[in-house]
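*Asks:* entry20.cif is reproduced in full below (mmCIF, C-alpha atoms).
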```
data_run
#
loop_
_atom_site.group_PDB
_atom_site.id
_atom_site.type_symbol
_atom_site.label_atom_id
_atom_site.label_comp_id
_atom_site.auth_asym_id
_atom_site.auth_seq_id
_atom_site.Cartn_x
_atom_site.Cartn_y
_atom_site.Cartn_z
ATOM 1 C CA MET A 158 26.525 -22.045 -27.129
ATOM 2 C CA ALA A 159 30.093 -20.932 -26.632
ATOM 3 C CA SER A 160 31.361 -17.969 -24.632
ATOM 4 C CA PHE A 161 34.792 -16.671 -23.718
ATOM 5 C CA ALA A 162 36.107 -13.895 -21.445
ATOM 6 C CA ASP A 163 39.465 -12.648 -20.130
ATOM 7 C CA ASP A 164 40.065 -9.734 -17.734
ATOM 8 C CA PHE A 165 43.909 -9.997 -17.951
ATOM 9 C CA ASN A 166 44.193 -9.652 -14.172
ATOM 10 C CA ARG A 167 47.394 -11.637 -13.754
ATOM 11 C CA ALA A 168 51.124 -11.078 -13.488
ATOM 12 C CA ASP A 169 52.955 -9.131 -16.179
ATOM 13 C CA SER A 170 54.076 -11.508 -18.912
ATOM 14 C CA SER A 171 54.730 -11.722 -22.638
ATOM 15 C CA ASN A 172 52.941 -15.085 -22.562
ATOM 16 C CA LEU A 173 49.177 -14.586 -22.654
ATOM 17 C CA GLY A 174 48.429 -18.234 -21.957
ATOM 18 C CA ALA A 175 46.703 -21.028 -23.837
ATOM 19 C CA SER A 176 43.497 -19.028 -24.274
ATOM 20 C CA TRP A 177 45.054 -16.814 -26.952
ATOM 21 C CA VAL A 178 46.772 -17.183 -30.341
ATOM 22 C CA GLU A 179 49.094 -14.383 -31.478
ATOM 23 C CA VAL A 180 48.251 -14.273 -35.176
ATOM 24 C CA SER A 181 50.837 -11.524 -35.614
ATOM 25 C CA GLY A 182 52.935 -9.258 -33.399
ATOM 26 C CA ASP A 183 54.137 -9.648 -29.819
ATOM 27 C CA TRP A 184 51.416 -9.143 -27.198
ATOM 28 C CA SER A 185 51.874 -8.984 -23.421
ATOM 29 C CA ILE A 186 50.124 -8.307 -20.133
ATOM 30 C CA VAL A 187 51.172 -5.083 -18.382
ATOM 31 C CA SER A 188 49.636 -3.980 -15.071
ATOM 32 C CA GLY A 189 46.577 -6.186 -15.524
ATOM 33 C CA GLN A 190 45.880 -4.976 -19.076
ATOM 34 C CA LEU A 191 46.584 -6.210 -22.603
ATOM 35 C CA SER A 192 49.389 -4.368 -24.414
ATOM 36 C CA PRO A 193 50.067 -4.608 -28.179
ATOM 37 C CA GLY A 194 53.687 -3.555 -27.659
ATOM 38 C CA ASN A 195 55.397 -0.665 -29.381
ATOM 39 C CA ASP A 196 56.899 -2.201 -32.530
ATOM 40 C CA GLY A 197 54.670 -0.384 -35.012
ATOM 41 C CA GLY A 198 52.639 -2.021 -37.746
ATOM 42 C CA THR A 199 49.354 -3.870 -37.493
ATOM 43 C CA ILE A 200 49.077 -6.924 -35.237
ATOM 44 C CA ILE A 201 46.278 -9.420 -34.590
ATOM 45 C CA LEU A 202 45.269 -11.493 -31.550
ATOM 46 C CA ARG A 203 42.715 -14.323 -31.758
ATOM 47 C CA ALA A 204 40.884 -16.209 -28.997
ATOM 48 C CA ALA A 205 41.968 -19.849 -29.147
ATOM 49 C CA ALA A 206 38.436 -21.128 -28.635
ATOM 50 C CA ALA A 207 36.046 -20.716 -31.573
ATOM 51 C CA MET A 208 32.416 -19.773 -31.200
ATOM 52 C CA ASP A 209 29.849 -22.485 -31.885
ATOM 53 C CA SER A 210 28.013 -20.371 -34.436
ATOM 54 C CA SER A 211 28.743 -17.701 -37.035
ATOM 55 C CA ASP A 212 26.148 -15.591 -35.224
ATOM 56 C CA HIS A 213 27.959 -14.092 -32.246
ATOM 57 C CA SER A 214 29.394 -10.920 -30.729
ATOM 58 C CA ALA A 215 32.777 -9.802 -29.402
ATOM 59 C CA GLN A 216 33.666 -6.810 -27.260
ATOM 60 C CA VAL A 217 36.663 -5.241 -25.528
ATOM 61 C CA THR A 218 37.284 -2.289 -23.216
ATOM 62 C CA ILE A 219 39.712 0.320 -24.520
ATOM 63 C CA ALA A 220 41.700 1.102 -21.365
ATOM 64 C CA ALA A 221 44.042 3.607 -23.047
ATOM 65 C CA THR A 222 43.992 5.005 -26.553
ATOM 66 C CA THR A 223 45.729 7.137 -29.146
ATOM 67 C CA ALA A 224 45.064 8.262 -32.705
ATOM 68 C CA ALA A 225 45.855 4.891 -34.261
ATOM 69 C CA SER A 226 43.783 2.055 -35.714
ATOM 70 C CA HIS A 227 42.474 -0.399 -33.088
ATOM 71 C CA GLY A 228 39.295 -2.412 -32.731
ATOM 72 C CA VAL A 229 37.469 -5.700 -32.205
ATOM 73 C CA TRP A 230 36.777 -8.534 -34.663
ATOM 74 C CA CYS A 231 33.979 -11.126 -35.102
ATOM 75 C CA ARG A 232 32.948 -13.835 -37.636
ATOM 76 C CA GLY A 233 36.574 -14.173 -38.616
ATOM 77 C CA ASN A 234 38.548 -17.062 -40.039
ATOM 78 C CA ALA A 235 41.665 -18.392 -38.292
ATOM 79 C CA GLY A 236 44.007 -15.898 -39.994
ATOM 80 C CA PHE A 237 41.536 -12.982 -39.870
ATOM 81 C CA SER A 238 41.669 -12.485 -43.606
ATOM 82 C CA SER A 239 37.866 -12.377 -43.526
ATOM 83 C CA GLY A 240 35.251 -11.259 -41.023
ATOM 84 C CA TYR A 241 33.860 -8.031 -39.582
ATOM 85 C CA LEU A 242 35.949 -5.363 -37.830
ATOM 86 C CA TRP A 243 34.675 -2.448 -35.694
ATOM 87 C CA ARG A 244 37.590 -0.059 -35.200
ATOM 88 C CA ASN A 245 38.535 3.518 -34.330
ATOM 89 C CA ASP A 246 41.271 5.562 -36.028
ATOM 90 C CA GLY A 247 41.350 8.476 -33.574
ATOM 91 C CA SER A 248 38.390 10.389 -34.982
ATOM 92 C CA GLU A 249 35.811 7.869 -36.245
ATOM 93 C CA TRP A 250 34.410 4.405 -35.632
ATOM 94 C CA THR A 251 34.119 2.419 -38.845
ATOM 95 C CA LEU A 252 32.490 -0.967 -39.481
ATOM 96 C CA PHE A 253 34.359 -3.031 -42.094
ATOM 97 C CA SER A 254 33.559 -6.204 -43.957
ATOM 98 C CA VAL A 255 36.771 -8.082 -44.758
ATOM 99 C CA VAL A 256 36.979 -10.535 -47.661
ATOM 100 C CA SER A 257 40.350 -12.003 -48.653
ATOM 101 C CA SER A 258 42.113 -9.252 -46.668
ATOM 102 C CA THR A 259 40.197 -6.560 -48.560
ATOM 103 C CA PHE A 260 38.555 -4.071 -46.202
ATOM 104 C CA THR A 261 35.266 -2.414 -47.200
ATOM 105 C CA ALA A 262 33.661 0.240 -45.010
ATOM 106 C CA ILE A 263 29.958 -0.519 -44.576
ATOM 107 C CA GLY A 264 29.051 1.963 -41.798
ATOM 108 C CA SER A 265 30.555 4.643 -39.551
ATOM 109 C CA TYR A 266 30.004 6.736 -36.430
ATOM 110 C CA THR A 267 31.974 9.944 -35.906
ATOM 111 C CA ALA A 268 33.613 9.979 -32.480
ATOM 112 C CA ALA A 269 37.135 9.518 -31.160
ATOM 113 C CA ALA A 270 37.769 6.553 -28.882
ATOM 114 C CA ALA A 271 38.067 7.446 -25.216
ATOM 115 C CA PRO A 272 39.596 5.545 -22.299
ATOM 116 C CA GLY A 273 36.951 3.288 -20.812
ATOM 117 C CA ASP A 274 34.959 2.900 -24.038
ATOM 118 C CA VAL A 275 33.539 -0.591 -24.601
ATOM 119 C CA ALA A 276 33.614 -1.447 -28.306
ATOM 120 C CA LYS A 277 31.385 -4.290 -29.484
ATOM 121 C CA VAL A 278 30.740 -5.861 -32.888
ATOM 122 C CA GLN A 279 27.926 -8.328 -33.563
ATOM 123 C CA ALA A 280 26.943 -10.443 -36.580
ATOM 124 C CA VAL A 281 23.592 -12.260 -36.654
ATOM 125 C CA GLY A 282 22.672 -13.459 -40.141
ATOM 126 C CA SER A 283 23.123 -10.533 -42.486
ATOM 127 C CA THR A 284 22.616 -7.929 -39.748
ATOM 128 C CA ILE A 285 25.938 -6.482 -38.627
ATOM 129 C CA LYS A 286 26.072 -3.987 -35.758
ATOM 130 C CA GLY A 287 28.610 -1.815 -33.990
ATOM 131 C CA TYR A 288 28.128 -0.611 -30.399
ATOM 132 C CA ILE A 289 29.909 1.867 -28.124
ATOM 133 C CA ASN A 290 29.251 1.592 -24.407
ATOM 134 C CA GLY A 291 26.173 -0.519 -25.053
ATOM 135 C CA VAL A 292 24.625 1.965 -27.473
ATOM 136 C CA GLU A 293 24.073 0.798 -31.049
ATOM 137 C CA ARG A 294 25.865 3.241 -33.357
ATOM 138 C CA VAL A 295 25.802 1.352 -36.658
ATOM 139 C CA SER A 296 23.468 -1.343 -37.986
ATOM 140 C CA VAL A 297 23.715 -2.526 -41.583
ATOM 141 C CA THR A 298 22.664 -5.438 -43.739
ATOM 142 C CA ASP A 299 25.662 -7.129 -45.321
ATOM 143 C CA THR A 300 26.168 -10.597 -46.826
ATOM 144 C CA ALA A 301 29.857 -10.344 -47.733
ATOM 145 C CA VAL A 302 30.942 -12.709 -44.938
ATOM 146 C CA ALA A 303 28.420 -15.479 -44.328
ATOM 147 C CA SER A 304 30.413 -17.622 -41.897
ATOM 148 C CA GLY A 305 33.310 -17.556 -39.449
ATOM 149 C CA THR A 306 33.738 -18.484 -35.795
ATOM 150 C CA SER A 307 36.888 -16.628 -34.713
ATOM 151 C CA VAL A 308 36.898 -13.522 -32.506
ATOM 152 C CA GLY A 309 39.726 -11.240 -31.437
ATOM 153 C CA ILE A 310 41.490 -7.874 -31.632
ATOM 154 C CA ARG A 311 43.239 -6.036 -34.443
ATOM 155 C CA THR A 312 45.367 -2.956 -33.663
ATOM 156 C CA THR A 313 48.401 -0.871 -34.432
ATOM 157 C CA SER A 314 51.334 -1.807 -32.190
ATOM 158 C CA ALA A 315 51.525 1.428 -30.152
ATOM 159 C CA GLY A 316 52.637 1.768 -26.542
ATOM 160 C CA ALA A 317 49.825 4.222 -25.751
ATOM 161 C CA ILE A 318 47.131 1.601 -26.472
ATOM 162 C CA ARG A 319 45.821 -0.782 -23.826
ATOM 163 C CA PHE A 320 42.888 -3.211 -23.808
ATOM 164 C CA ASP A 321 40.963 -4.856 -20.959
ATOM 165 C CA ASP A 322 38.012 -7.182 -20.293
ATOM 166 C CA PHE A 323 37.534 -9.060 -23.564
ATOM 167 C CA ALA A 324 34.307 -11.097 -23.952
ATOM 168 C CA ALA A 325 32.591 -13.042 -26.749
ATOM 169 C CA ALA A 326 29.472 -15.215 -26.974
ATOM 170 C CA ASP A 327 27.163 -16.858 -29.471
ATOM 171 C CA VAL A 328 23.927 -15.079 -30.339
ATOM 172 C CA THR A 329 21.906 -17.751 -32.133
ATOM 173 C CA ALA A 330 18.294 -16.936 -32.987
ATOM 174 C CA GLY A 331 15.842 -19.722 -32.180
ATOM 175 C CA ALA A 332 18.341 -21.903 -30.263
ATOM 176 C CA PRO A 333 17.826 -22.885 -26.607
ATOM 177 C CA LEU A 334 19.334 -20.237 -24.358
ATOM 178 C CA GLY A 335 21.855 -21.127 -21.672
ATOM 179 C CA VAL A 336 23.845 -18.815 -19.439
ATOM 180 C CA ALA A 337 24.401 -15.662 -21.446
ATOM 181 C CA ALA A 338 27.872 -14.169 -21.502
ATOM 182 C CA GLU A 339 26.192 -10.846 -22.303
ATOM 183 C CA MET A 340 22.772 -9.587 -23.212
ATOM 184 C CA ASP A 341 21.923 -7.241 -26.072
ATOM 185 C CA GLY A 342 18.900 -5.048 -26.191
ATOM 186 C CA ALA A 343 15.552 -6.755 -26.708
ATOM 187 C CA GLN A 344 15.400 -8.687 -29.997
ATOM 188 C CA PRO A 345 12.216 -9.147 -32.037
ATOM 189 C CA LEU A 346 10.611 -12.579 -31.682
ATOM 190 C CA THR A 347 10.988 -14.812 -34.760
ATOM 191 C CA GLY A 348 9.029 -17.851 -33.625
ATOM 192 C CA GLY A 349 7.014 -19.402 -30.869
ATOM 193 C CA LYS A 350 9.667 -21.386 -28.990
ATOM 194 C CA THR A 351 10.393 -20.549 -25.381
ATOM 195 C CA THR A 352 12.849 -21.776 -22.778
ATOM 196 C CA THR A 353 13.877 -20.958 -19.244
ATOM 197 C CA LEU A 354 16.663 -18.390 -19.130
ATOM 198 C CA GLY A 355 19.666 -18.853 -16.886
ATOM 199 C CA PRO A 356 21.274 -15.940 -15.051
ATOM 200 C CA ALA A 357 23.008 -13.453 -17.342
ATOM 201 C CA ALA A 358 26.732 -13.022 -16.811
ATOM 202 C CA ALA A 359 26.464 -9.396 -17.921
ATOM 203 C CA ALA A 360 23.820 -7.057 -19.228
ATOM 204 C CA GLU A 361 24.329 -4.158 -21.600
ATOM 205 C CA ALA A 362 22.537 -0.877 -21.258
ATOM 206 C CA ALA A 363 19.280 -0.361 -23.119
ATOM 207 C CA GLN A 364 19.796 0.040 -26.854
ATOM 208 C CA ALA A 365 18.598 3.052 -28.766
ATOM 209 C CA LEU A 366 15.888 2.385 -31.352
ATOM 210 C CA ALA A 367 17.014 2.704 -34.943
ATOM 211 C CA GLY A 368 14.710 3.238 -37.899
ATOM 212 C CA ALA A 369 10.944 3.267 -37.753
ATOM 213 C CA LYS A 370 8.224 0.638 -37.854
ATOM 214 C CA THR A 371 4.804 1.317 -39.325
ATOM 215 C CA ALA A 372 1.606 -0.654 -39.717
ATOM 216 C CA LEU A 373 -1.827 -0.082 -41.253
ATOM 217 C CA LEU A 374 -4.425 0.941 -38.717
ATOM 218 C CA GLY A 375 -7.768 -0.850 -38.653
ATOM 219 C CA THR A 376 -11.139 0.730 -38.093
ATOM 220 C CA ALA A 377 -11.294 2.377 -34.722
ATOM 221 C CA VAL A 378 -13.684 0.686 -32.322
ATOM 222 C CA GLU A 379 -13.703 3.632 -29.979
ATOM 223 C CA ALA A 380 -14.845 7.201 -30.511
ATOM 224 C CA ASP A 381 -12.405 10.098 -30.604
ATOM 225 C CA ALA A 382 -11.363 11.878 -27.475
ATOM 226 C CA THR A 383 -14.066 13.738 -25.606
ATOM 227 C CA GLN A 384 -15.065 17.074 -27.118
ATOM 228 C CA PRO A 385 -15.256 20.328 -25.167
ATOM 229 C CA LEU A 386 -18.780 21.367 -24.086
ATOM 230 C CA ALA A 387 -20.363 24.282 -25.955
ATOM 231 C CA GLY A 388 -23.147 26.443 -24.529
ATOM 232 C CA ALA A 389 -24.764 26.136 -21.110
ATOM 233 C CA ARG A 390 -27.403 23.900 -19.536
ATOM 234 C CA THR A 391 -29.548 24.728 -16.519
ATOM 235 C CA ALA A 392 -32.011 22.811 -14.346
ATOM 236 C CA PRO A 393 -34.062 23.475 -11.146
ATOM 237 C CA LEU A 394 -32.199 22.631 -7.992
ATOM 238 C CA LEU A 395 -33.642 20.042 -5.605
ATOM 239 C CA ALA A 396 -34.206 20.820 -1.928
ATOM 240 C CA ALA A 397 -31.035 20.585 0.059
ATOM 241 C CA THR A 398 -30.798 17.416 2.128
ATOM 242 C CA GLN A 399 -28.569 19.031 4.692
ATOM 243 C CA ALA A 400 -28.655 22.356 6.549
ATOM 244 C CA GLU A 401 -26.067 24.997 6.010
ATOM 245 C CA THR A 402 -23.510 25.854 8.623
ATOM 246 C CA ALA A 403 -24.768 27.564 11.822
ATOM 247 C CA GLN A 404 -25.643 31.244 11.411
ATOM 248 C CA PRO A 405 -24.660 33.919 13.972
ATOM 249 C CA LEU A 406 -27.448 34.964 16.466
ATOM 250 C CA THR A 407 -28.956 38.397 15.858
ATOM 251 C CA VAL A 408 -31.169 38.679 19.056
ATOM 252 C CA ALA A 409 -30.696 38.080 22.805
ATOM 253 C CA ILE A 410 -32.355 35.450 24.980
ATOM 254 C CA SER A 411 -32.540 35.502 28.837
ATOM 255 C CA GLN A 412 -33.368 32.903 31.461
ATOM 256 C CA ALA A 413 -33.804 32.831 35.253
ATOM 257 C CA LEU A 414 -30.824 31.446 37.060
ATOM 258 C CA GLY A 415 -31.200 28.557 39.496
ATOM 259 C CA THR A 416 -29.571 28.171 42.894
ATOM 260 C CA ALA A 417 -25.842 28.069 42.636
ATOM 261 C CA GLY A 418 -24.447 24.639 43.227
ATOM 262 C CA ALA A 419 -21.410 26.033 44.976
ATOM 263 C CA SER A 420 -20.469 29.299 46.713
ATOM 264 C CA GLU A 421 -17.669 31.440 45.578
ATOM 265 C CA THR A 422 -14.882 32.382 47.929
ATOM 266 C CA ALA A 423 -15.359 35.436 50.137
ATOM 267 C CA ARG A 424 -14.664 38.671 48.405
ATOM 268 C CA PRO A 425 -12.795 41.519 50.147
ATOM 269 C CA LEU A 426 -14.986 44.468 51.276
ATOM 270 C CA THR A 427 -14.510 47.701 49.506
ATOM 271 C CA GLY A 428 -15.244 51.062 51.173
ATOM 272 C CA ALA A 429 -15.999 51.649 54.913
ATOM 273 C CA LYS A 430 -19.079 51.391 57.243
ATOM 274 C CA THR A 431 -19.530 53.390 60.549
ATOM 275 C CA ALA A 432 -22.149 53.612 63.398
ATOM 276 C CA ALA A 433 -22.601 55.677 66.691
ATOM 277 C CA LEU A 434 -21.608 53.748 69.834
ATOM 278 C CA ALA A 435 -23.867 53.809 73.012
ATOM 279 C CA PRO A 436 -22.374 54.925 76.411
ATOM 280 C CA ALA A 437 -20.460 52.233 78.225
ATOM 281 C CA ILE A 438 -22.222 50.775 81.278
ATOM 282 C CA GLU A 439 -19.005 49.896 83.043
ATOM 283 C CA ALA A 440 -15.690 51.341 82.565
ATOM 284 C CA ASP A 441 -13.488 48.777 84.197
ATOM 285 C CA ALA A 442 -13.314 45.110 83.814
ATOM 286 C CA ALA A 443 -15.239 42.884 86.268
ATOM 287 C CA ARG A 444 -13.669 42.570 89.722
ATOM 288 C CA PRO A 445 -13.452 39.285 91.615
ATOM 289 C CA LEU A 446 -15.737 38.854 94.703
ATOM 290 C CA ALA A 447 -14.085 39.085 98.167
ATOM 291 C CA ALA A 448 -15.724 37.250 101.088
ATOM 292 C CA GLY A 449 -15.324 38.223 104.777
ATOM 293 C CA SER A 450 -16.864 37.694 108.293
ATOM 294 C CA GLY A 451 -17.938 40.504 110.665
ATOM 295 C CA ALA A 452 -18.292 40.600 114.444
ATOM 296 C CA ASP A 453 -22.008 40.730 114.118
ATOM 297 C CA GLY A 454 -22.052 37.200 112.806
ATOM 298 C CA ILE A 455 -23.016 38.234 109.330
ATOM 299 C CA ASP A 456 -21.081 37.084 106.261
ATOM 300 C CA HIS A 457 -20.003 40.149 104.343
ATOM 301 C CA VAL A 458 -19.370 40.271 100.612
ATOM 302 C CA THR A 459 -17.942 43.468 99.262
ATOM 303 C CA ALA A 460 -18.128 44.489 95.677
ATOM 304 C CA GLY A 461 -16.160 47.466 94.692
ATOM 305 C CA THR A 462 -16.682 49.940 91.906
ATOM 306 C CA PRO A 463 -14.766 52.983 90.964
ATOM 307 C CA HIS A 464 -17.450 55.122 92.691
ATOM 308 C CA GLY A 465 -17.574 53.412 96.134
ATOM 309 C CA THR A 466 -18.078 50.196 98.049
ATOM 310 C CA TRP A 467 -21.308 48.249 98.563
ATOM 311 C CA ALA A 468 -21.758 45.545 101.219
ATOM 312 C CA ALA A 469 -24.296 42.797 101.306
ATOM 313 C CA GLY A 470 -24.781 40.793 104.507
ATOM 314 C CA ARG A 471 -26.401 37.491 105.142
ATOM 315 C CA LEU A 472 -27.297 35.974 108.539
ATOM 316 C CA ARG A 473 -25.953 32.717 109.441
ATOM 317 C CA ALA A 474 -29.586 31.749 109.262
ATOM 318 C CA PRO A 475 -31.181 31.577 105.858
ATOM 319 C CA ALA A 476 -32.347 35.228 106.032
ATOM 320 C CA TRP A 477 -30.357 37.907 104.222
ATOM 321 C CA THR A 478 -30.149 41.666 104.863
ATOM 322 C CA ALA A 479 -28.900 44.331 102.659
ATOM 323 C CA GLY A 480 -27.224 47.413 103.917
ATOM 324 C CA THR A 481 -26.876 50.794 102.368
ATOM 325 C CA PRO A 482 -23.721 51.857 100.826
ATOM 326 C CA ARG A 483 -21.196 53.259 103.170
ATOM 327 C CA THR A 484 -19.901 56.740 102.653
#
```
Step by step, read the file and then write its structure as structure tokens.
*Replies:*
Amino acid sequence: MASFADDFNRADSSNLGASWVEVSGDWSIVSGQLSPGNDGGTIILRAAAAMDSSDHSAQVTIAATTAASHGVWCRGNAGFSSGYLWRNDGSEWTLFSVVSSTFTAIGSYTAAAAPGDVAKVQAVGSTIKGYINGVERVSVTDTAVASGTSVGIRTTSAGAIRFDDFAAADVTAGAPLGVAAEMDGAQPLTGGKTTTLGPAAAAEAAQALAGAKTALLGTAVEADATQPLAGARTAPLLAATQAETAQPLTVAISQALGTAGASETARPLTGAKTAALAPAIEADAARPLAAGSGADGIDHVTAGTPHGTWAAGRLRAPAWTAGTPRT
């Protein structure tokens, strides 16, 4: 399977290199983009390498645009006098079949081209498709051009038009798949052959479904959806296996208190307590004893009180005498 791509990211030049054939007009690279010049008239650029199959796609990014004819070509011959062209004229995308330089519109999509649009045309068998930004906009069955392996660009030579990022690749049903240059939306299976897919070089966005597919339905093996219940059904309730949540108490219960395990701290007294005091026996504090010796040979001890003095005498012998208080 063949593939080809060019991003034009190289120095400005009127020589595009060996990868391209200027079928008509003078093409050049300007600021990393492909320019068709400004000479007027229609010009054509063809990729030098042919695709391996007549079933392939080609796409290009429209970097800048104006209301003039410009588009992308697939399944062409070397001179592009036959093939399929997907082009915009400033207000509409039209898919053409070209036979002997005669253009026949076979499908259209109303929309002006916009900078950044990616235009793609694809031919696989008799199914010819036109895409914009990965979305299929036209799909027709056409047998006017059965073969052709050239891809390229056809445009009016206008200075306001620029192209970028051209890519083309074979799309051959049933053939072993190699590294894809791009990937369309899912295609229906046409056989039972499988192969390991290599990494895709690019992937388009999901394609919108076109048309409708129907099939006869067999006998349903399942009943319809459940029906809503009508009426009511009752049955006795079994005894509950679990108690309900605790209910609030409605009476009071008392119990004798045991000895406290610990005493509380002392509490301050409140109020006052009084009592009558008895008469004092002594008024003064105790006095110390004073010892002395008299001429009579008796040891004298005098104890004094506020009322008078008392003396007690003791013989040097063990006997003691007591005297009366002195006045």
*Asks:* So, with all atoms listed in the file as the atoms that count, which of A:Val187, A:Ala225, A:Val302, A:Ala325 lies closest to Arg203 in chain A?
*Replies:* A:Ala325
*Asks:* So that I can check the surroundings of Asp321 in chain A, please list as a VMD selection string every protein, DNA and RNA residue that reaches within 9 Å of it, counting only C-alpha atoms and ignoring chain neighbours fewer than 3 positions away.
*Replies:* chain A and resid 163 to 166 189 to 191 217 to 220
*Asks:* In file coordinates, which residues lie within 8 Å of (51.9, -10.4, -21.4) using all atoms listed in the file, given as an MDAnalysis selection string?
*Replies:* chainID A and resid 168:173 184:187 191:192
*Asks:* Could you tell me which residues the PyMOL selection byres ((chain A and resi 183) around 12) returns for this structure, as JSON, numbers by chain?
*Replies:* {"A": [170, 171, 172, 173, 177, 178, 179, 180, 181, 182, 184, 185, 186, 191, 192, 193, 194, 195, 196, 197, 198, 199, 200, 201, 202, 312, 313, 314, 315, 316]}
*Asks:* Please report the interatomic distance between CA of Thr306 in chain A and CA of Glu249 in chain A in Å with one decimal.
*Replies:*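 Atom-to-atom, CA of Thr306 in chain A and CA of Glu249 in chain A are spaced 26.4 Å apart.
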*Asks:* Using the chain letters and numbers from the file, which residues does the PyMOL selection byres ((chain A and resi 290-300) around 6) grab, as a ChimeraX atom specification?
*Replies:* /A:274-275,283-289,301-303,361-362,364
*Asks:* When the PyMOL selection byres ((chain A and resi 281) around 9) is applied to the structure above, which residues does it catch, written out as number ranges by chain?
*Replies:* A: 211-214, 279-280, 282-286, 328-330
*Asks:* Smallest atom-to-atom distance to Phe237 in chain A: which of A:Thr222, A:Ser210, A:Ser307, A:Thr261, using all atoms listed in the file?
*Replies:* A:Ser307
*Asks:* Between CA of Phe260 in chain A and CA of Gly240 in chain A, what distance in Å does the model show, to one decimal?
*Replies:*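 That distance, rounded to one decimal, is 9.5 Å.
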*Asks:* Record the distance separating CA of Gly233 in chain A and CA of Lys277 in chain A, expressed in Å with one decimal.
*Replies:*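 So the answer is 14.4 Å.
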*Asks:* Tell me which protein, DNA and RNA residues are within 10 Å of Thr267 in chain A, counting all atoms listed in the file, leaving out same-chain ones fewer than 4 positions away, and put them as a list in words.
*Replies:*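 Counting only the stated atoms, we get Asn245, Gly247, Ser248, Glu249, Trp250, Thr251 and Arg294 of chain A.
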*Asks:* Here is a test: counting only C-alpha atoms, which residue of A:Ala413, A:Ala317, A:Ser188, A:Gly228 is nearest to Arg167 in chain A?
*Replies:*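 Result for the nearest residue to Arg167 in chain A: A:Ser188.
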